[in-house]
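Peer 1: Have a look at this one.
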Amino acid sequence: MVDFDGSVAVLVVDDEEPIRNALKKFLAQQQFEVYAAGSGDEALNQLRRHKIALMLCDIRMPGTSGVDLVPQAIEIEPDLAILMLTAVNDATSAALCMQRGAMDYLTKPIELADLGRAVQRALKRREVQLENRELNRWLKEEVTTRTAELHRERQKLERISVATLEALVNALEAKDPYMRGHSARVADLSASIAAELGLDDEEIEHMRVAGRLHDVGKIGTREAVLNKQGALTPEEFEHVKQHVLIGSQILAPLPHLDRVIAMVRGHHERWDGTGYPDALRGEEIPLGARIIGAAEVYDALCTSRPYQEKMTPEQAVARMADLAGTVLDPKIYEALVAIVKRRSTLVFLDEGGGGS
């Protein structure tokens with residue numbers, strides 16, 4: 001006969017006391033911890049009080065039948081292995097018990113050797129189910145952990161790729177004293193405009209990254225053209241215009257920058273459709289590209305250039321008023337004006353506070 005671990009608890013449920021006692025005696029000899037119940041209600045109480053691994057249950061009982069007891073027992077103890085005891089003519093009821101969660105059934109009169117093997121099979125099946133559940137739980141935790149690790153690694157690579165491109169832009173601008181810091185200033189102002197327009201935090205961050213990288217395509221522009229002090233020839237201007245296409249091509253292999261690419265490509269489009277490279281008009285131009293375009297004009301006016309003295313912020317927005325509705329989106333221009341006014345107020349307050 002099979003030798004089971006004595007810690008395994010079995011519940012015998014049968015309304016006939018002689019059968020119940022015989023089953024108890026047999027199972028106790030097999031080193032099980034045996035509990036007994038003479039009715040379905042008593043069986044449910046036993047399940048609530050003890051940690052039962054397997055239940056032997058008669059199908060035909062007064063009150064709560066074995067058919068009704070099976071789902072109620074599993075609700076109390078989901079890991080319960082259930083063996084039904086049935087008469088020869090109760091095959092239909094036995095099949096119904098199997099549908100409701102019983103593992104097997106035995107037909108009376110029961111051979112003890114058959115009972116021992118059936119109990120072994122049921123407990124083994126229960127053990128496998130528990131192991132599979134634990135394995136699935138472990139796999140789920142492992143997948144969650146690995147997914148989080150991969151997400152962190154991807155974010156790290158994304159930050160590195162952006163930082164590398166920013167370093168290239170900074171190195172490019174460092175060669176020209178008039179352009180030094182241009183992209184960083186455009187990025188900060190673009191983010192401020194985005195916030196003024198009510199964009200959410202994620203969109204504002206995309207805006208900031210796009211501002212930092214909007215001129216990355218100038219890596220492909222000839223230095224002689226970049227550093228030229230005078231007016232550009234038509235051929236040179238066509239060459240410079242390629243930087244928006246080159247920039248979008250540089251960023252294309254980086255899928256996390258897909259929203260940034262459209263901003264980089266379109267930041268020289270004009271509200272009236274006379275810009276480049278696609279001659280987009282009005283709201284056909286991506287919002288981020290319109291914002292960078294306005295920030296770039298403002299920064300150019302507020303920065304010393306060989307051909308102009310730098311303007312104050314107030315002078316710059318006043319000069320840009322003529323561009324609203326032609327070069328610039330009027331709503332973005334209004335947001336820029338609001339930002340400049342607010343900054344001027346903050347400067348005034350700061351100067352006032354310093355004098356007290």
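Within each chain, counting starts at residue 1; across the structure tokens, chains are named A, B, ... in the order shown, with ligands numbered 1 upward in that order.
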Select from range 140-271 of chain A everything DSSP, run on the backbone, classes as helix (DSSP H, G or I), then give the selection as number ranges by chain.

Peer 2: A: 140-174, 182-196, 201-213, 216-220, 223-226, 234-241, 243-251, 255-266

Peer 1: So that I can check the secondary structure, give me every residue of range 57-290 of chain A assigned strand (DSSP E) by backbone DSSP, as a list in words.

Peer 2: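 Selecting the strand (DSSP E) positions of range 57-290 of chain A gives Cys57, Asp58, Ala81, Ile82, Leu83, Met84, Leu85, Thr86, Asp104, Tyr105, Leu106 and Thr107 of chain A.
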
Peer 1: Can you tell me, as an NGL selection string, what residues are no more than 6 Å from range 265-279 of chain A when counting only C-alpha atoms, ignoring any on the same chain fewer than 4 positions away?

Peer 2: :A and (244-245 or 248 or 289 or 292-293 or 326-329)

Peer 1: Kindly indicate which residue among A:Thr233, A:Gln249, A:Gln46, A:Thr86 lies nearest to Gly220 in chain A, using only C-alpha atoms for the distances.

Peer 2: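 Among the listed residues, A:Gln249 lies closest to Gly220 in chain A.
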
Peer 1: Show which residues sit within 12 Å of range 73-79 of chain A, as an MDAnalysis selection string. Count only C-alpha atoms, and ignore same-chain residues fewer than 4 positions away.

Peer 2: chainID A and resid 11 13 40:57 64:69 97 100:103 122:123 125:131 133

Peer 1: What does the structure give for the distance between CA of Ala148 in chain A and CA of Glu166 in chain A, in Å to one decimal?

Peer 2: 26.7 Å

Peer 1: Using only C-alpha atoms, what does the table of range 256-339 of chain A residues within 10 Å of range 195-198 of chain A look like, with each row giving the shortest atom pair and its distance in Å to one decimal, sorted by chain and ascending number, as CSV?

Peer 2:
```
residue,atom,partner,partner_atom,distance
A:Lys331,CA,A:Leu197,CA,8.5
A:Ile332,CA,A:Leu197,CA,7.8
A:Glu334,CA,A:Leu197,CA,9.7
A:Ala335,CA,A:Glu196,CA,6.0
A:Leu336,CA,A:Glu196,CA,8.3
A:Ala338,CA,A:Glu196,CA,8.2
A:Ile339,CA,A:Glu196,CA,7.6
```

Peer 1: Can those selected residues be exported to a file as an mmCIF file, in the first residue's frame so that it contains C-alpha atoms?

Peer 2:
```
data_model
loop_
_atom_site.group_PDB
_atom_site.id
_atom_site.type_symbol
_atom_site.label_atom_id
_atom_site.label_comp_id
_atom_site.auth_asym_id
_atom_site.auth_seq_id
_atom_site.Cartn_x
_atom_site.Cartn_y
_atom_site.Cartn_z
ATOM 1 C CA LYS A 331 -1.730 81.802 -30.749
ATOM 2 C CA ILE A 332 1.884 80.792 -30.176
ATOM 3 C CA GLU A 334 0.407 85.433 -27.932
ATOM 4 C CA ALA A 335 1.768 82.769 -25.572
ATOM 5 C CA LEU A 336 5.307 84.072 -26.151
ATOM 6 C CA ALA A 338 2.615 86.471 -22.129
ATOM 7 C CA ILE A 339 5.825 84.694 -21.111
#
```

Peer 1: Looking at A:Ser190, A:Ser344, A:Gln229, A:Gln155, which one is nearest to Tyr298 in chain A, with distances taken over only C-alpha atoms?

Peer 2: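 Of A:Ser190, A:Ser344, A:Gln229, A:Gln155, the one nearest Tyr298 in chain A, counting only C-alpha atoms, is A:Ser190.
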